[in-house]
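Shown below: entry.pdb, with PDB, C-alpha atoms (C1' of nucleotides).
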ATOM      1  CA  MET A   1      68.531 123.792  95.338
ATOM      2  CA  LEU A   2      70.200 120.411  95.384
ATOM      3  CA  SER A   3      70.299 117.869  98.168
ATOM      4  CA  ILE A   4      73.609 116.328  99.085
ATOM      5  CA  GLY A   5      72.537 113.206  97.210
ATOM      6  CA  ASP A   6      71.894 115.207  94.041
ATOM      7  CA  LEU A   7      75.302 116.820  94.340
ATOM      8  CA  SER A   8      76.814 113.411  94.828
ATOM      9  CA  LYS A   9      75.156 111.959  91.739
ATOM     10  CA  ARG A  10      76.157 114.864  89.543
ATOM     11  CA  THR A  11      79.802 114.897  90.565
ATOM     12  CA  GLY A  12      80.452 111.257  91.385
ATOM     13  CA  VAL A  13      81.705 112.237  94.838
ATOM     14  CA  LYS A  14      80.217 110.098  97.576
ATOM     15  CA  VAL A  15      77.921 111.672 100.117
ATOM     16  CA  PRO A  16      80.142 111.060 103.172
ATOM     17  CA  THR A  17      83.075 112.480 101.234
ATOM     18  CA  ILE A  18      81.195 115.711 100.576
ATOM     19  CA  ARG A  19      80.485 116.017 104.288
ATOM     20  CA  TYR A  20      84.135 115.278 104.948
ATOM     21  CA  TYR A  21      85.211 118.075 102.601
ATOM     22  CA  GLU A  22      82.911 120.426 104.469
ATOM     23  CA  GLN A  23      84.532 119.379 107.735
ATOM     24  CA  MET A  24      87.966 119.985 106.256
ATOM     25  CA  GLY A  25      86.958 123.477 105.235
ATOM     26  CA  LEU A  26      87.044 122.846 101.499
ATOM     27  CA  MET A  27      83.339 123.150 100.902
ATOM     28  CA  GLY A  28      82.057 125.820 103.266
ATOM     29  CA  ALA A  29      78.990 125.224 105.400
ATOM     30  CA  ALA A  30      75.992 124.591 103.182
ATOM     31  CA  GLU A  31      72.627 126.186 103.695
ATOM     32  CA  ARG A  32      70.156 124.000 105.513
ATOM     33  CA  SER A  33      66.525 123.068 104.962
ATOM     34  CA  GLU A  34      64.048 123.531 107.771
ATOM     35  CA  GLY A  35      64.771 119.969 108.793
ATOM     36  CA  ASN A  36      68.530 120.638 108.920
ATOM     37  CA  GLN A  37      69.430 118.966 105.635
ATOM     38  CA  ARG A  38      72.117 120.453 103.418
ATOM     39  CA  ARG A  39      71.006 122.400 100.337
ATOM     40  CA  TYR A  40      73.374 123.313  97.536
ATOM     41  CA  GLU A  41      73.501 125.640  94.557
ATOM     42  CA  LYS A  42      75.271 125.484  91.227
ATOM     43  CA  THR A  43      78.337 127.262  92.535
ATOM     44  CA  ASP A  44      78.767 124.426  95.015
ATOM     45  CA  LEU A  45      78.708 122.004  92.115
ATOM     46  CA  GLU A  46      81.592 123.845  90.499
ATOM     47  CA  ARG A  47      83.462 124.054  93.735
ATOM     48  CA  LEU A  48      83.152 120.333  94.298
ATOM     49  CA  ALA A  49      84.281 119.581  90.743
ATOM     50  CA  PHE A  50      87.315 121.750  91.353
ATOM     51  CA  ILE A  51      88.167 119.871  94.540
ATOM     52  CA  ARG A  52      87.638 116.516  92.901
ATOM     53  CA  HIS A  53      89.790 117.425  89.963
ATOM     54  CA  ALA A  54      92.593 118.624  92.204
ATOM     55  CA  ARG A  55      92.368 115.429  94.273
ATOM     56  CA  ASP A  56      92.506 113.345  91.101
ATOM     57  CA  LEU A  57      95.717 115.121  90.261
ATOM     58  CA  GLY A  58      97.006 114.030  93.658
ATOM     59  CA  LEU A  59      96.969 117.381  95.442
ATOM     60  CA  ASP A  60      96.375 117.081  99.157
ATOM     61  CA  ILE A  61      93.741 118.888 101.151
ATOM     62  CA  PRO A  62      95.889 121.731 102.509
ATOM     63  CA  ALA A  63      97.088 122.469  98.963
ATOM     64  CA  ILE A  64      93.526 122.537  97.688
ATOM     65  CA  ARG A  65      92.486 124.782 100.538
ATOM     66  CA  GLU A  66      95.190 127.190  99.502
ATOM     67  CA  LEU A  67      94.181 127.104  95.839
ATOM     68  CA  ILE A  68      90.612 127.865  96.793
ATOM     69  CA  ALA A  69      91.763 130.763  98.924
ATOM     70  CA  LEU A  70      93.835 132.055  95.995
ATOM     71  CA  SER A  71      90.982 131.747  93.557
ATOM     72  CA  ARG A  72      89.039 134.161  95.693
ATOM     73  CA  HIS A  73      91.596 136.854  94.964
ATOM     74  CA  PRO A  74      91.574 137.121  91.161
ATOM     75  CA  GLU A  75      93.719 140.259  91.217
ATOM     76  CA  MET A  76      96.659 138.615  92.947
ATOM     77  CA  PRO A  77      99.638 137.280  91.006
ATOM     78  CA  CYS A  78      99.312 133.625  90.176
ATOM     79  CA  ALA A  79     102.843 132.667  91.171
ATOM     80  CA  ASP A  80     101.572 131.012  94.346
ATOM     81  CA  ALA A  81      99.158 128.800  92.475
ATOM     82  CA  ASP A  82     101.853 127.879  89.979
ATOM     83  CA  LYS A  83     104.196 127.002  92.810
ATOM     84  CA  ILE A  84     101.704 124.603  94.368
ATOM     85  CA  ALA A  85     101.345 122.798  91.059
ATOM     86  CA  ALA A  86     105.087 122.855  90.365
ATOM     87  CA  ASP A  87     105.970 121.528  93.825
ATOM     88  CA  HIS A  88     103.482 118.770  93.338
ATOM     89  CA  LEU A  89     104.986 117.921  89.985
ATOM     90  CA  VAL A  90     108.381 117.542  91.625
ATOM     91  CA  ALA A  91     106.884 115.211  94.240
ATOM     92  CA  VAL A  92     105.159 113.158  91.551
ATOM     93  CA  ARG A  93     108.418 112.806  89.631
ATOM     94  CA  GLU A  94     110.226 111.662  92.753
ATOM     95  CA  LYS A  95     107.592 109.029  93.381
ATOM     96  CA  ILE A  96     107.875 107.819  89.810
ATOM     97  CA  ALA A  97     111.646 107.551  90.070
ATOM     98  CA  LYS A  98     111.389 105.589  93.290
ATOM     99  CA  LEU A  99     108.810 103.217  91.885
ATOM    100  CA  GLN A 100     110.900 102.659  88.787
ATOM    101  CA  ARG A 101     113.838 101.602  90.926
ATOM    102  CA  LEU A 102     111.527  99.147  92.685
ATOM    103  CA  GLU A 103     110.230  97.947  89.347
ATOM    104  CA  HIS A 104     113.729  97.102  88.116
ATOM    105  CA  GLU A 105     114.692  95.408  91.352
ATOM    106  CA  LEU A 106     111.550  93.279  91.307
ATOM    107  CA  GLU A 107     112.044  92.409  87.640
ATOM    108  CA  ARG A 108     115.558  91.298  88.355
ATOM    109  CA  ILE A 109     114.619  89.232  91.378
ATOM    110  CA  ILE A 110     111.753  87.524  89.601
ATOM    111  CA  SER A 111     113.703  86.818  86.419
ATOM    112  CA  HIS A 112     116.529  85.205  88.363
ATOM    113  CA  CYS A 113     114.246  82.733  90.020
ATOM    114  CA  ASP A 114     114.213  79.481  88.141
ATOM    115  CA  GLY A 115     114.393  77.226  91.165
ATOM    116  CA  HIS A 116     111.649  74.787  91.887
ATOM    117  CA  SER A 117     111.559  74.845  95.666
ATOM    118  CA  ILE A 118     111.574  77.539  98.298
ATOM    119  CA  GLU A 119     115.022  76.363  99.289
ATOM    120  CA  ASP A 120     116.608  77.898  96.227
ATOM    121  CA  CYS A 121     113.959  80.494  95.426
ATOM    122  CA  TYR A 122     115.673  83.669  94.356
ATOM    123  CA  VAL A 123     112.809  85.801  95.609
ATOM    124  CA  ILE A 124     113.326  84.575  99.136
ATOM    125  CA  ARG A 125     117.107  84.600  98.863
ATOM    126  CA  ALA A 126     117.204  88.141  97.540
ATOM    127  CA  LEU A 127     115.041  89.343 100.390
ATOM    128  CA  SER A 128     117.237  87.604 102.925
ATOM    129  CA  ASP A 129     120.477  88.889 101.501
ATOM    130  CA  HIS A 130     120.625  92.534 100.617
ATOM    131  CA  GLY A 131     123.954  91.874  98.917
ATOM    132  CA  LEU A 132     122.084  90.288  96.022
ATOM    133  CA  CYS A 133     120.534  93.630  95.130
ATOM    134  CA  ASP A 134     121.650  95.849  92.340
ATOM    135  CA  GLY A 135     121.242  99.344  93.672
ATOM    136  CA  GLU A 136     120.679 100.656  97.141
ATOM    137  CA  HIS A 137     117.185 101.349  98.370
TER     138      HIS A 137
ATOM    139  CA  MET B   1     121.830  88.468 123.296
ATOM    140  CA  LEU B   2     120.818  91.828 121.921
ATOM    141  CA  SER B   3     118.491  94.383 123.428
ATOM    142  CA  ILE B   4     115.834  95.910 121.211
ATOM    143  CA  GLY B   5     117.980  99.033 120.985
ATOM    144  CA  ASP B   6     120.962  97.018 119.735
ATOM    145  CA  LEU B   7     118.781  95.377 117.126
ATOM    146  CA  SER B   8     117.497  98.771 116.122
ATOM    147  CA  LYS B   9     120.990 100.230 115.719
ATOM    148  CA  ARG B  10     122.213  97.297 113.674
ATOM    149  CA  THR B  11     119.288  97.230 111.260
ATOM    150  CA  GLY B  12     118.271 100.876 111.161
ATOM    151  CA  VAL B  13     114.709  99.908 112.110
ATOM    152  CA  LYS B  14     113.315 102.091 114.875
ATOM    153  CA  VAL B  15     112.526 100.522 118.225
ATOM    154  CA  PRO B  16     108.754 101.128 118.129
ATOM    155  CA  THR B  17     108.675  99.695 114.627
ATOM    156  CA  ILE B  18     110.285  96.468 115.825
ATOM    157  CA  ARG B  19     107.644  96.178 118.530
ATOM    158  CA  TYR B  20     105.009  96.899 115.900
ATOM    159  CA  TYR B  21     106.334  94.080 113.712
ATOM    160  CA  GLU B  22     106.096  91.770 116.685
ATOM    161  CA  GLN B  23     102.499  92.818 117.213
ATOM    162  CA  MET B  24     101.754  92.180 113.536
ATOM    163  CA  GLY B  25     103.168  88.683 113.822
ATOM    164  CA  LEU B  26     106.173  89.296 111.603
ATOM    165  CA  MET B  27     108.774  89.021 114.321
ATOM    166  CA  GLY B  28     107.569  86.386 116.757
ATOM    167  CA  ALA B  29     107.576  86.995 120.486
ATOM    168  CA  ALA B  30     111.121  87.626 121.668
ATOM    169  CA  GLU B  31     112.641  86.073 124.751
ATOM    170  CA  ARG B  32     112.578  88.294 127.789
ATOM    171  CA  SER B  33     115.117  89.275 130.431
ATOM    172  CA  GLU B  34     114.269  88.883 134.113
ATOM    173  CA  GLY B  35     113.020  92.454 134.043
ATOM    174  CA  ASN B  36     110.742  91.717 131.055
ATOM    175  CA  GLN B  37     112.885  93.375 128.401
ATOM    176  CA  ARG B  38     113.176  91.828 124.942
ATOM    177  CA  ARG B  39     116.322  89.879 124.118
ATOM    178  CA  TYR B  40     117.248  88.919 120.566
ATOM    179  CA  GLU B  41     119.618  86.554 118.799
ATOM    180  CA  LYS B  42     121.333  86.672 115.438
ATOM    181  CA  THR B  43     118.500  84.888 113.682
ATOM    182  CA  ASP B  44     116.222  87.741 114.717
ATOM    183  CA  LEU B  45     118.648  90.122 113.095
ATOM    184  CA  GLU B  46     118.329  88.268 109.815
ATOM    185  CA  ARG B  47     114.588  88.073 110.124
ATOM    186  CA  LEU B  48     114.325  91.784 110.676
ATOM    187  CA  ALA B  49     116.604  92.517 107.724
ATOM    188  CA  PHE B  50     114.360  90.320 105.583
ATOM    189  CA  ILE B  51     111.270  92.228 106.693
ATOM    190  CA  ARG B  52     112.930  95.570 106.170
ATOM    191  CA  HIS B  53     114.096  94.627 102.739
ATOM    192  CA  ALA B  54     110.653  93.430 101.723
ATOM    193  CA  ARG B  55     109.107  96.644 103.053
ATOM    194  CA  ASP B  56     111.635  98.714 101.118
ATOM    195  CA  LEU B  57     110.470  96.913  98.005
ATOM    196  CA  GLY B  58     106.966  98.010  98.908
ATOM    197  CA  LEU B  59     105.502  94.674  99.958
ATOM    198  CA  ASP B  60     102.797  94.996 102.567
ATOM    199  CA  ILE B  61     102.659  93.207 105.871
ATOM    200  CA  PRO B  62     100.297  90.362 104.894
ATOM    201  CA  ALA B  63     102.530  89.591 101.898
ATOM    202  CA  ILE B  64     105.611  89.533 104.101
ATOM    203  CA  ARG B  65     103.867  87.319 106.608
ATOM    204  CA  GLU B  66     103.177  84.892 103.799
ATOM    205  CA  LEU B  67     106.742  84.969 102.513
ATOM    206  CA  ILE B  68     108.002  84.226 106.013
ATOM    207  CA  ALA B  69     105.594  81.317 106.302
ATOM    208  CA  LEU B  70     106.782  80.010 102.930
ATOM    209  CA  SER B  71     110.434  80.316 103.888
ATOM    210  CA  ARG B  72     109.784  77.928 106.712
ATOM    211  CA  HIS B  73     108.920  75.200 104.203
ATOM    212  CA  PRO B  74     112.037  74.918 102.054
ATOM    213  CA  GLU B  75     110.791  71.790 100.320
ATOM    214  CA  MET B  76     107.685  73.448  98.890
ATOM    215  CA  PRO B  77     107.584  74.759  95.332
ATOM    216  CA  CYS B  78     108.447  78.421  95.109
ATOM    217  CA  ALA B  79     105.598  79.371  92.784
ATOM    218  CA  ASP B  80     103.729  81.037  95.632
ATOM    219  CA  ALA B  81     106.652  83.236  96.525
ATOM    220  CA  ASP B  82     107.153  84.154  92.887
ATOM    221  CA  LYS B  83     103.510  85.029  92.562
ATOM    222  CA  ILE B  84     103.655  87.451  95.488
ATOM    223  CA  ALA B  85     106.581  89.238  93.878
ATOM    224  CA  ALA B  86     105.011  89.167  90.414
ATOM    225  CA  ASP B  87     101.670  90.508  91.659
ATOM    226  CA  HIS B  88     103.498  93.276  93.410
ATOM    227  CA  LEU B  89     105.390  94.101  90.253
ATOM    228  CA  VAL B  90     102.113  94.478  88.396
ATOM    229  CA  ALA B  91     100.815  96.820  91.104
ATOM    230  CA  VAL B  92     104.011  98.876  90.970
ATOM    231  CA  ARG B  93     103.735  99.215  87.197
ATOM    232  CA  GLU B  94     100.147 100.370  87.499
ATOM    233  CA  LYS B  95     101.126 103.004  90.016
ATOM    234  CA  ILE B  96     103.908 104.203  87.732
ATOM    235  CA  ALA B  97     101.539 104.480  84.777
ATOM    236  CA  LYS B  98      99.040 106.429  86.826
ATOM    237  CA  LEU B  99     101.657 108.814  88.142
ATOM    238  CA  GLN B 100     103.015 109.363  84.647
ATOM    239  CA  ARG B 101      99.603 110.416  83.457
ATOM    240  CA  LEU B 102      99.471 112.882  86.339
ATOM    241  CA  GLU B 103     102.947 114.080  85.498
ATOM    242  CA  HIS B 104     101.972 114.905  81.932
ATOM    243  CA  GLU B 105      98.770 116.605  82.978
ATOM    244  CA  LEU B 106     100.599 118.743  85.526
ATOM    245  CA  GLU B 107     103.326 119.593  83.028
ATOM    246  CA  ARG B 108     100.741 120.698  80.540
ATOM    247  CA  ILE B 109      98.800 122.773  83.022
ATOM    248  CA  ILE B 110     101.903 124.485  84.350
ATOM    249  CA  SER B 111     103.403 125.171  80.951
ATOM    250  CA  HIS B 112     100.202 126.777  79.716
ATOM    251  CA  CYS B 113     100.151 129.263  82.542
ATOM    252  CA  ASP B 114     101.718 132.511  81.455
ATOM    253  CA  GLY B 115      99.160 134.781  83.022
ATOM    254  CA  HIS B 116     100.128 137.225  85.687
ATOM    255  CA  SER B 117      97.091 137.164  87.907
ATOM    256  CA  ILE B 118      94.898 134.505  89.403
ATOM    257  CA  GLU B 119      92.135 135.688  87.139
ATOM    258  CA  ASP B 120      93.745 134.138  84.089
ATOM    259  CA  CYS B 121      95.889 131.527  85.820
ATOM    260  CA  TYR B 122      95.755 128.347  83.810
ATOM    261  CA  VAL B 123      96.372 126.225  86.899
ATOM    262  CA  ILE B 124      93.194 127.471  88.496
ATOM    263  CA  ARG B 125      91.264 127.447  85.224
ATOM    264  CA  ALA B 126      92.283 123.888  84.414
ATOM    265  CA  LEU B 127      91.176 122.702  87.823
ATOM    266  CA  SER B 128      87.861 124.443  87.447
ATOM    267  CA  ASP B 129      87.177 123.156  83.997
ATOM    268  CA  HIS B 130      87.807 119.513  83.364
ATOM    269  CA  GLY B 131      87.287 120.161  79.681
ATOM    270  CA  LEU B 132      90.726 121.751  79.541
ATOM    271  CA  CYS B 133      92.345 118.398  80.303
ATOM    272  CA  ASP B 134      94.008 116.182  77.794
ATOM    273  CA  GLY B 135      93.113 112.698  78.879
ATOM    274  CA  GLU B 136      90.621 111.396  81.332
ATOM    275  CA  HIS B 137      91.548 110.730  84.923
TER     276      HIS B 137
ATOM    277  C1'  DT C   1      46.133 113.289 104.991
ATOM    278  C1'  DC C   2      48.661 109.438 106.061
ATOM    279  C1'  DT C   3      52.141 106.161 105.384
ATOM    280  C1'  DT C   4      56.051 104.111 103.722
ATOM    281  C1'  DG C   5      60.647 103.961 102.176
ATOM    282  C1'  DA C   6      64.454 106.394 100.765
ATOM    283  C1'  DA C   7      67.555 109.756 101.856
ATOM    284  C1'  DC C   8      69.270 112.504 105.329
ATOM    285  C1'  DC C   9      71.506 113.784 110.076
ATOM    286  C1'  DT C  10      75.536 113.257 113.725
ATOM    287  C1'  DC C  11      78.882 110.596 115.854
ATOM    288  C1'  DT C  12      82.255 106.990 116.336
ATOM    289  C1'  DA C  13      85.538 103.833 114.682
ATOM    290  C1'  DG C  14      88.281 101.512 111.147
ATOM    291  C1'  DT C  15      91.848 101.458 107.162
ATOM    292  C1'  DG C  16      98.002 100.852 106.745
ATOM    293  C1'  DA C  17     102.273 101.269 108.594
ATOM    294  C1'  DC C  18     103.939 103.327 111.473
ATOM    295  C1'  DT C  19     105.164 107.551 115.013
ATOM    296  C1'  DA C  20     104.818 110.252 119.325
ATOM    297  C1'  DG C  21     104.105 110.690 123.973
ATOM    298  C1'  DA C  22     102.810 109.526 128.921
ATOM    299  C1'  DG C  23     104.034 107.346 132.992
ATOM    300  C1'  DG C  24     106.683 104.099 135.072
ATOM    301  C1'  DA C  25     110.299 100.058 135.570
ATOM    302  C1'  DA C  26     114.836  98.052 134.434
ATOM    303  C1'  DT C  27     119.467  98.410 133.216
ATOM    304  C1'  DT C  28     124.075 100.421 132.761
ATOM    305  C1'  DA C  29     127.712 103.616 133.802
ATOM    306  C1'  DT C  30     129.907 106.464 137.022
TER     307       DT C  30
ATOM    308  C1'  DA D   1     124.470 104.502 145.356
ATOM    309  C1'  DT D   2     122.931 107.341 142.133
ATOM    310  C1'  DA D   3     122.070 109.173 137.772
ATOM    311  C1'  DA D   4     121.338 108.607 132.969
ATOM    312  C1'  DT D   5     119.734 105.856 129.669
ATOM    313  C1'  DT D   6     117.005 102.423 127.875
ATOM    314  C1'  DC D   7     113.215  99.751 128.252
ATOM    315  C1'  DC D   8     108.095  98.488 129.206
ATOM    316  C1'  DT D   9     102.863  99.058 128.012
ATOM    317  C1'  DC D  10      99.207 101.735 126.475
ATOM    318  C1'  DT D  11      96.882 105.333 123.980
ATOM    319  C1'  DA D  12      96.339 108.415 120.327
ATOM    320  C1'  DG D  13      97.690 110.690 116.060
ATOM    321  C1'  DT D  14      98.868 110.636 110.887
ATOM    322  C1'  DC D  15      95.864 110.923 105.683
ATOM    323  C1'  DA D  16      91.743 110.816 103.038
ATOM    324  C1'  DC D  17      88.366 108.762 103.325
ATOM    325  C1'  DT D  18      84.730 104.651 104.374
ATOM    326  C1'  DA D  19      81.384 102.002 107.149
ATOM    327  C1'  DG D  20      78.090 101.618 110.481
ATOM    328  C1'  DA D  21      74.766 102.758 114.381
ATOM    329  C1'  DG D  22      70.838 105.012 115.743
ATOM    330  C1'  DG D  23      67.727 108.392 114.782
ATOM    331  C1'  DT D  24      65.208 112.287 111.757
ATOM    332  C1'  DT D  25      63.310 114.373 107.516
ATOM    333  C1'  DC D  26      61.593 114.304 103.041
ATOM    334  C1'  DA D  27      58.898 113.002  98.749
ATOM    335  C1'  DA D  28      55.685 110.163  96.537
ATOM    336  C1'  DG D  29      51.833 107.209  96.302
ATOM    337  C1'  DA D  30      47.244 105.533  98.430
TER     338       DA D  30
END
Could you write out this file's structure as structure tokens?
Amino acid sequence: MLSIGDLSKRTGVKVPTIRYYEQMGLMGAAERSEGNQRRYEKTDLERLAFIRHARDLGLDIPAIRELIALSRHPEMPCADADKIAADHLVAVREKIAKLQRLEHELERIISHCDGHSIEDCYVIRALSDHGLCDGEH
Amino acid sequence: MLSIGDLSKRTGVKVPTIRYYEQMGLMGAAERSEGNQRRYEKTDLERLAFIRHARDLGLDIPAIRELIALSRHPEMPCADADKIAADHLVAVREKIAKLQRLEHELERIISHCDGHSIEDCYVIRALSDHGLCDGEH
DNA sequence: TCTTGAACCTCTAGTGACTAGAGGAATTAT
DNA sequence: ATAATTCCTCTAGTCACTAGAGGTTCAAGA
């Protein structure tokens, strides 16, 4: 049996975060010691690694909750799980595209600025005047 | 003189957001009508467009506050303003790189999944077992 | 066995940039 | 004059945690 601190050390997930995951229904109520402290088993270690991995990939808590629910039904088709991942991939790609537009706009603004004083600073001017932008955003 | 609603319509910034910007010190306290309602002038319109544009580029409120302060000193060198933009560009590029790593990982996980049931779903398996990942994240 | 110090417990509040809603006052149009 | 709309302030909610207060339990050494 592991304490919450042990679990934390082994997974790299902070103690308050583990409690938070329990609250959010990702971790399931742990067993308790006589003195009301949480006690975990190896399966909890795997569960937490799963959650952490999904979070690292950017999945949000409701999505992870659903994946956990799915993983409890090994006989079901895996289309639902695939869809969660695929939807997330679409969202990630949209974010990338948006950030790349920002990147180009910032590059352009910065490269145009060769003034020496705020008065003719292109950064400030570009922000003031949307007409100086390339694309729309 | 414009009401807050007029300002909102002309800039596309929602009314509560304008009040929020005032609270955050980006907008400066507006004049008031006899009945205590905010009244704006054209300069406020430009200011708000500036803020909105900076936000669209992803700059946060402290950065915008600083840019506004700088723009009030036209004789100062513009290195500070450039630095704010350049630092932000670095942050944007880091976010892009991180998201691209996620993109590839998700692509790989999804493409490997040709199972029909949860039991052998690669999405679930990959999340459970970090060893199935390509890179580290 | 006792004591000390670390780890644990619950609960509340804070993060950023808004957004939503309550309850009431001012303004504008009819 | 009245009705509809807009405005005011204030509080609380979003997301995934993080920090802290104030108190309890546990494990190791004396």
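Here, the PyMOL selection byres ((chain B) within 9 of (chain C)) matches Pro16, Thr17, Tyr20, Gly35, Asn36, Gln37, Asp60 and Ile61 of chain B.
Of the listed residues (A:Gln23, A:Ser33, A:Ser71, A:Ser111), A:Ser71 comes nearest to chain B; the distances count only C-alpha atoms.
Residue selection for this entry, given the PyMOL selection byres ((chain D) within 8 of (chain A)), comprises DC17, DT18 and DT25 of chain D.
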Given the PyMOL selection byres ((chain A) within 6 of (chain B)), the residues it picks as a compact mmCIF listing (two decimals) with C-alpha atoms, in the frame of the given file:
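Below you can see out_19.txt, which holds the result:
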# COMPACT_ATOMS: atom_id res chain seq x y z
CA PHE A 50 87.32 121.75 91.35
CA HIS A 53 89.79 117.42 89.96
CA LEU A 57 95.72 115.12 90.26
CA PRO A 74 91.57 137.12 91.16
CA GLU A 75 93.72 140.26 91.22
CA MET A 76 96.66 138.62 92.95
CA PRO A 77 99.64 137.28 91.01
CA CYS A 78 99.31 133.62 90.18
CA ILE A 96 107.88 107.82 89.81
CA LEU A 102 111.53 99.15 92.68
CA HIS A 116 111.65 74.79 91.89
CA SER A 117 111.56 74.84 95.67
CA ILE A 118 111.57 77.54 98.30
CA GLU A 119 115.02 76.36 99.29
CA CYS A 121 113.96 80.49 95.43
CA LEU A 127 115.04 89.34 100.39
CA SER A 128 117.24 87.60 102.92
Separation of CA of Leu26 (chain B) from CA of Asp6 (chain B) in Å: 18.6 Å
Surrounding residues of Tyr40 (chain B) excluding itself and chain neighbours under 4 positions, 10 Å, all atoms listed in the file, as a VMD selection string: chain B and resid 1 to 4 6 to 7 29 to 32 44 to 45
Write out, as an mmCIF file, in the frame of the given file, the residues just selected, with C-alpha atoms.
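Contents of selection-v8.cif, as written:
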data_model
loop_
_atom_site.group_PDB
_atom_site.id
_atom_site.type_symbol
_atom_site.label_atom_id
_atom_site.label_comp_id
_atom_site.auth_asym_id
_atom_site.auth_seq_id
_atom_site.Cartn_x
_atom_site.Cartn_y
_atom_site.Cartn_z
ATOM 1 C CA MET B 1 121.830 88.468 123.296
ATOM 2 C CA LEU B 2 120.818 91.828 121.921
ATOM 3 C CA SER B 3 118.491 94.383 123.428
ATOM 4 C CA ILE B 4 115.834 95.910 121.211
ATOM 5 C CA ASP B 6 120.962 97.018 119.735
ATOM 6 C CA LEU B 7 118.781 95.377 117.126
ATOM 7 C CA ALA B 29 107.576 86.995 120.486
ATOM 8 C CA ALA B 30 111.121 87.626 121.668
ATOM 9 C CA GLU B 31 112.641 86.073 124.751
ATOM 10 C CA ARG B 32 112.578 88.294 127.789
ATOM 11 C CA ASP B 44 116.222 87.741 114.717
ATOM 12 C CA LEU B 45 118.648 90.122 113.095
#
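In this structure, CA of Arg19 (chain A) sits 9.5 Å away from CA of Arg38 (chain A).
Counting from CA of Gly5 (chain A), the distance to CA of Lys42 (chain A) is 13.9 Å.
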Six-sided padding of 5 Å per side, axis-aligned box over region 85-91 of chain B, centre and edges in Å, one decimal, as lines of an AutoDock Vina configuration file:
center_x = 103.7
center_y = 93.0
center_z = 91.1
size_x = 15.8
size_y = 17.7
size_z = 15.5
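Across A:Pro62, A:Glu94, A:Arg108, A:Ala69, the tightest approach to Met24 (chain A) is made by A:Pro62 when counting all atoms listed in the file.
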